[in-house]
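Note sheet for the following structure.
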Amino acid sequence: PARCVMARPVAFGEGFPSDAIGSAPGLSAPLSPEALEAHVQAACDAVRSGGTLGVLDLRGHPDAGAAIDVILASASGPGALRFLNLHTLNLEFALRVTDAHVKSLAECGTLVDVNLNATSEVGDEAVMALADLNENTLASLALYWNVRVTDTSIVRLVQTCGARCLKTLNLSGCKRLTDATARAVGKHCVALADLDVTRVAVSDD
């Protein structure tokens, strides 16, 4: 059976959760500067040579936006990212990542597992691009404590991916979501096995 986690709704203005309410994700330790540099270099080499990458892990990067810009600048031409076979993107707690960065990476069209936990500058445009460009592959999306996403993008996400591939969705702490998201999830996410809406202001209806 599907797992759904709910708790009290988050109040506007409340800070990053520091208590044990709900199911906070397994926030992993950031990579060392050496490991981050190695990931960026591997990505640049793959994009430049037309090779595959599989995983791009920039969690905790102090300037992930600049790192992504370097990777994109290595592309030989339009559509180069499609050859990466990128299936896992981890930008958890990465800094200076914007919608534009995520939209560019979404163009690979092969993403399966995307972690955008606490990426404070990422919002609706990024989520809609992930859904539209990876509609047959996106199985897991983590948006823990994302304060920018709204019903607009989550409804689009579940309408596009809910019946095809989406199995895990973490919306914990996304305080701009409403009952519209809950209704859309219930209607479209037939394959969903794990849903976290802890600290989301949805009603009992």
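By order in the structure tokens, chains are A, B, ...; within a chain, residues start at 1; ligands start at 1, following the order shown.
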
**OP:** Would you list, as a count of residues only, the residues of range 95-141 of chain A that end up in alpha helix (DSSP H) under DSSP run on this structure's backbone?
**Re:** 18

**OP:** Return as an MDAnalysis selection string the full set of residues in chain A whose backbone-based DSSP assignment is strand (DSSP E).
**Re:** chainID A and resid 3:5 55:57 88:90 113:115 140:142 168:170 194:196

May I have the residues from that selection written out with all heavy atoms, as a compact mmCIF listing (two decimals), in the first residue's frame?
# COMPACT_ATOMS: atom_id res chain seq x y z
N ARG A 3 2.36 4.80 1.01
CA ARG A 3 2.66 5.43 2.30
C ARG A 3 2.44 6.92 2.17
O ARG A 3 2.95 7.56 1.26
CB ARG A 3 4.11 5.16 2.70
CG ARG A 3 4.46 5.66 4.09
CD ARG A 3 5.92 5.40 4.39
NE ARG A 3 6.77 6.37 3.73
CZ ARG A 3 7.17 7.52 4.27
NH1 ARG A 3 6.79 7.84 5.47
NH2 ARG A 3 7.97 8.35 3.61
N CYS A 4 1.65 7.49 3.05
CA CYS A 4 1.41 8.92 3.05
C CYS A 4 1.66 9.47 4.44
O CYS A 4 1.10 8.96 5.42
CB CYS A 4 -0.03 9.23 2.62
SG CYS A 4 -0.43 11.00 2.62
N VAL A 5 2.50 10.49 4.54
CA VAL A 5 2.83 11.09 5.83
C VAL A 5 2.25 12.48 5.90
O VAL A 5 2.43 13.29 5.00
CB VAL A 5 4.36 11.17 6.01
CG1 VAL A 5 4.69 11.80 7.34
CG2 VAL A 5 4.97 9.79 5.91
N VAL A 55 24.81 9.91 -13.01
CA VAL A 55 24.52 10.60 -11.76
C VAL A 55 25.27 11.94 -11.71
O VAL A 55 26.47 11.99 -11.98
CB VAL A 55 24.95 9.75 -10.54
CG1 VAL A 55 24.73 10.52 -9.24
CG2 VAL A 55 24.21 8.42 -10.53
N LEU A 56 24.54 12.99 -11.37
CA LEU A 56 25.16 14.28 -11.08
C LEU A 56 24.81 14.65 -9.65
O LEU A 56 23.65 14.93 -9.32
CB LEU A 56 24.67 15.36 -12.04
CG LEU A 56 25.27 16.77 -11.81
CD1 LEU A 56 26.79 16.74 -11.95
CD2 LEU A 56 24.67 17.78 -12.80
N ASP A 57 25.81 14.60 -8.78
CA ASP A 57 25.60 14.82 -7.34
C ASP A 57 26.35 16.07 -6.90
O ASP A 57 27.57 16.07 -6.76
CB ASP A 57 26.11 13.59 -6.58
CG ASP A 57 25.76 13.65 -5.09
OD1 ASP A 57 25.28 14.70 -4.63
OD2 ASP A 57 25.97 12.64 -4.40
N THR A 88 19.99 10.41 -12.32
CA THR A 88 19.91 10.88 -10.93
C THR A 88 20.53 12.27 -10.81
O THR A 88 21.68 12.48 -11.20
CB THR A 88 20.65 9.92 -9.99
OG1 THR A 88 20.05 8.62 -10.07
CG2 THR A 88 20.57 10.41 -8.55
N LEU A 89 19.75 13.20 -10.27
CA LEU A 89 20.22 14.57 -10.06
C LEU A 89 20.00 14.93 -8.60
O LEU A 89 18.86 14.95 -8.12
CB LEU A 89 19.45 15.54 -10.96
CG LEU A 89 19.73 17.03 -10.77
CD1 LEU A 89 21.19 17.36 -11.07
CD2 LEU A 89 18.80 17.87 -11.62
N ASN A 90 21.07 15.19 -7.88
CA ASN A 90 20.98 15.52 -6.46
C ASN A 90 21.54 16.93 -6.23
O ASN A 90 22.74 17.16 -6.32
CB ASN A 90 21.77 14.51 -5.62
CG ASN A 90 21.48 14.68 -4.13
OD1 ASN A 90 20.95 15.69 -3.69
ND2 ASN A 90 21.86 13.68 -3.34
N ASP A 113 15.34 10.14 -10.79
CA ASP A 113 15.37 10.50 -9.37
C ASP A 113 15.97 11.89 -9.22
O ASP A 113 17.15 12.10 -9.52
CB ASP A 113 16.21 9.47 -8.61
CG ASP A 113 16.23 9.69 -7.11
OD1 ASP A 113 15.63 10.69 -6.64
OD2 ASP A 113 16.85 8.89 -6.40
N VAL A 114 15.16 12.85 -8.76
CA VAL A 114 15.61 14.24 -8.63
C VAL A 114 15.39 14.72 -7.20
O VAL A 114 14.29 14.62 -6.66
CB VAL A 114 14.86 15.17 -9.61
CG1 VAL A 114 15.30 16.62 -9.41
CG2 VAL A 114 15.08 14.73 -11.05
N ASN A 115 16.45 15.22 -6.59
CA ASN A 115 16.41 15.73 -5.23
C ASN A 115 16.68 17.23 -5.24
O ASN A 115 17.80 17.66 -5.51
CB ASN A 115 17.45 15.01 -4.36
CG ASN A 115 17.33 15.36 -2.89
OD1 ASN A 115 16.86 16.44 -2.53
ND2 ASN A 115 17.77 14.46 -2.02
N SER A 140 10.81 9.81 -9.00
CA SER A 140 10.97 10.33 -7.64
C SER A 140 11.37 11.80 -7.68
O SER A 140 12.33 12.16 -8.37
CB SER A 140 12.03 9.52 -6.89
OG SER A 140 12.26 10.06 -5.60
N LEU A 141 10.63 12.62 -6.94
CA LEU A 141 10.96 14.04 -6.84
C LEU A 141 10.86 14.47 -5.39
O LEU A 141 9.83 14.29 -4.74
CB LEU A 141 10.02 14.89 -7.69
CG LEU A 141 10.25 16.40 -7.65
CD1 LEU A 141 11.66 16.76 -8.13
CD2 LEU A 141 9.20 17.14 -8.46
N ALA A 142 11.96 15.03 -4.85
CA ALA A 142 12.01 15.50 -3.47
C ALA A 142 12.10 17.02 -3.47
O ALA A 142 13.02 17.59 -4.04
CB ALA A 142 13.21 14.89 -2.75
N THR A 168 7.37 8.32 -5.99
CA THR A 168 7.75 8.93 -4.72
C THR A 168 7.72 10.44 -4.86
O THR A 168 8.32 10.99 -5.79
CB THR A 168 9.17 8.49 -4.31
OG1 THR A 168 9.21 7.06 -4.19
CG2 THR A 168 9.57 9.11 -2.99
N LEU A 169 7.04 11.11 -3.93
CA LEU A 169 6.91 12.57 -3.98
C LEU A 169 7.00 13.12 -2.57
O LEU A 169 6.19 12.79 -1.70
CB LEU A 169 5.58 12.95 -4.63
CG LEU A 169 5.29 14.45 -4.81
CD1 LEU A 169 6.35 15.09 -5.70
CD2 LEU A 169 3.90 14.64 -5.41
N ASN A 170 7.99 13.96 -2.32
CA ASN A 170 8.18 14.58 -1.02
C ASN A 170 7.89 16.08 -1.14
O ASN A 170 8.64 16.82 -1.77
CB ASN A 170 9.62 14.37 -0.52
CG ASN A 170 9.80 14.84 0.92
OD1 ASN A 170 9.00 15.61 1.44
ND2 ASN A 170 10.86 14.37 1.56
N ASP A 194 4.82 6.46 -2.22
CA ASP A 194 5.37 7.18 -1.07
C ASP A 194 5.12 8.67 -1.24
O ASP A 194 5.67 9.29 -2.14
CB ASP A 194 6.87 6.90 -0.95
CG ASP A 194 7.44 7.30 0.41
OD1 ASP A 194 6.76 8.07 1.13
OD2 ASP A 194 8.54 6.86 0.75
N LEU A 195 4.25 9.22 -0.39
CA LEU A 195 3.90 10.64 -0.45
C LEU A 195 4.12 11.27 0.91
O LEU A 195 3.60 10.77 1.92
CB LEU A 195 2.43 10.80 -0.87
CG LEU A 195 1.86 12.22 -0.77
CD1 LEU A 195 2.54 13.14 -1.78
CD2 LEU A 195 0.35 12.19 -0.98
N ASP A 196 4.88 12.36 0.96
CA ASP A 196 5.12 13.07 2.21
C ASP A 196 4.57 14.49 2.06
O ASP A 196 5.09 15.29 1.29
CB ASP A 196 6.61 13.11 2.54
CG ASP A 196 6.87 13.60 3.96
OD1 ASP A 196 5.99 14.25 4.54
OD2 ASP A 196 7.98 13.33 4.49

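CA of Leu58 in chain A is positioned 6.6 Å from CA of Ala94 in chain A.
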
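With only C-alpha atoms as the atoms that count, the minimum distance from Leu86 in chain A to the choices A:Ala73, A:Ala118, A:Ala106, A:Ala67 is reached by A:Ala106.
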
Original post:
Quick one: residues within 8 Å of Ile154 in chain A, only C-alpha atoms counted, chain neighbours fewer than 6 positions away excluded, as number ranges by chain?
Top reply: A: 124, 127-128, 181

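Here the question is which of A:Val47, A:Ala201, A:Ala64, A:Val122 gets nearest to Cys108 in chain A using only C-alpha atoms, and that residue is A:Val47.
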
Original post:
Distance CA of Lys175 in chain A-CA of Leu192 in chain A, one decimal place?
Top reply: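 Spanning CA of Lys175 in chain A to CA of Leu192 in chain A is a straight-line distance of 21.2 Å.
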
Original post:
For Thr178 in chain A, which of A:Ala126, A:Leu95, A:Ala43, A:Val202 is the closest residue, counting only C-alpha atoms?
Top reply: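 Ranked by minimum distance to Thr178 in chain A, first place goes to A:Val202.
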
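Distance check against Leu171 in chain A using only C-alpha atoms: of A:Leu111, A:Leu133, A:Leu116, A:Cys44, the minimum falls on A:Leu116.
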
Subject >> Minimum-distance residue to Arg156 in chain A, chosen among A:Ala80, A:Val185, A:Val97, A:Ile68 (using only C-alpha atoms) >> reply: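 The shortest atom-to-atom distance to Arg156 in chain A comes from A:Val185.
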
Subject >> Close residues, Leu84 in chain A itself excluded, 8 Å, only C-alpha atoms, min 6 positions apart in chain, as a PyMOL selection string >> reply: chain A and resi 46-47+50-54+108

Just the selected residues (N, CA and C atoms), exported as a PDB file, in the first residue's frame, please.
ATOM      1  N   ALA A  46      32.028  14.215 -19.819  1.00  0.00           N
ATOM      2  CA  ALA A  46      30.971  13.444 -20.473  1.00  0.00           C
ATOM      3  C   ALA A  46      30.225  14.284 -21.496  1.00  0.00           C
ATOM      4  N   VAL A  47      29.907  15.520 -21.133  1.00  0.00           N
ATOM      5  CA  VAL A  47      29.187  16.403 -22.055  1.00  0.00           C
ATOM      6  C   VAL A  47      30.049  16.719 -23.266  1.00  0.00           C
ATOM      7  N   GLY A  50      30.482  13.441 -25.462  1.00  0.00           N
ATOM      8  CA  GLY A  50      29.301  12.703 -25.888  1.00  0.00           C
ATOM      9  C   GLY A  50      29.124  11.401 -25.134  1.00  0.00           C
ATOM     10  N   GLY A  51      29.785  11.295 -23.972  1.00  0.00           N
ATOM     11  CA  GLY A  51      29.682  10.082 -23.164  1.00  0.00           C
ATOM     12  C   GLY A  51      28.479  10.124 -22.242  1.00  0.00           C
ATOM     13  N   THR A  52      28.367   9.119 -21.382  1.00  0.00           N
ATOM     14  CA  THR A  52      27.256   9.065 -20.432  1.00  0.00           C
ATOM     15  C   THR A  52      27.740   9.451 -19.032  1.00  0.00           C
ATOM     16  N   LEU A  53      26.798   9.890 -18.212  1.00  0.00           N
ATOM     17  CA  LEU A  53      27.138  10.342 -16.868  1.00  0.00           C
ATOM     18  C   LEU A  53      26.366   9.560 -15.803  1.00  0.00           C
ATOM     19  N   GLY A  54      25.065   9.408 -15.976  1.00  0.00           N
ATOM     20  CA  GLY A  54      24.252   8.655 -15.031  1.00  0.00           C
ATOM     21  C   GLY A  54      23.843   9.462 -13.819  1.00  0.00           C
ATOM     22  N   CYS A 108      17.773  16.752 -20.591  1.00  0.00           N
ATOM     23  CA  CYS A 108      18.327  15.433 -20.895  1.00  0.00           C
ATOM     24  C   CYS A 108      17.208  14.436 -21.186  1.00  0.00           C
TER      25      CYS A 108
END

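Closest approach to Thr110 in chain A from the set A:Ala182, A:Ala191, A:Ala139, A:Val200 is made by A:Ala139, with distances taken over only C-alpha atoms.
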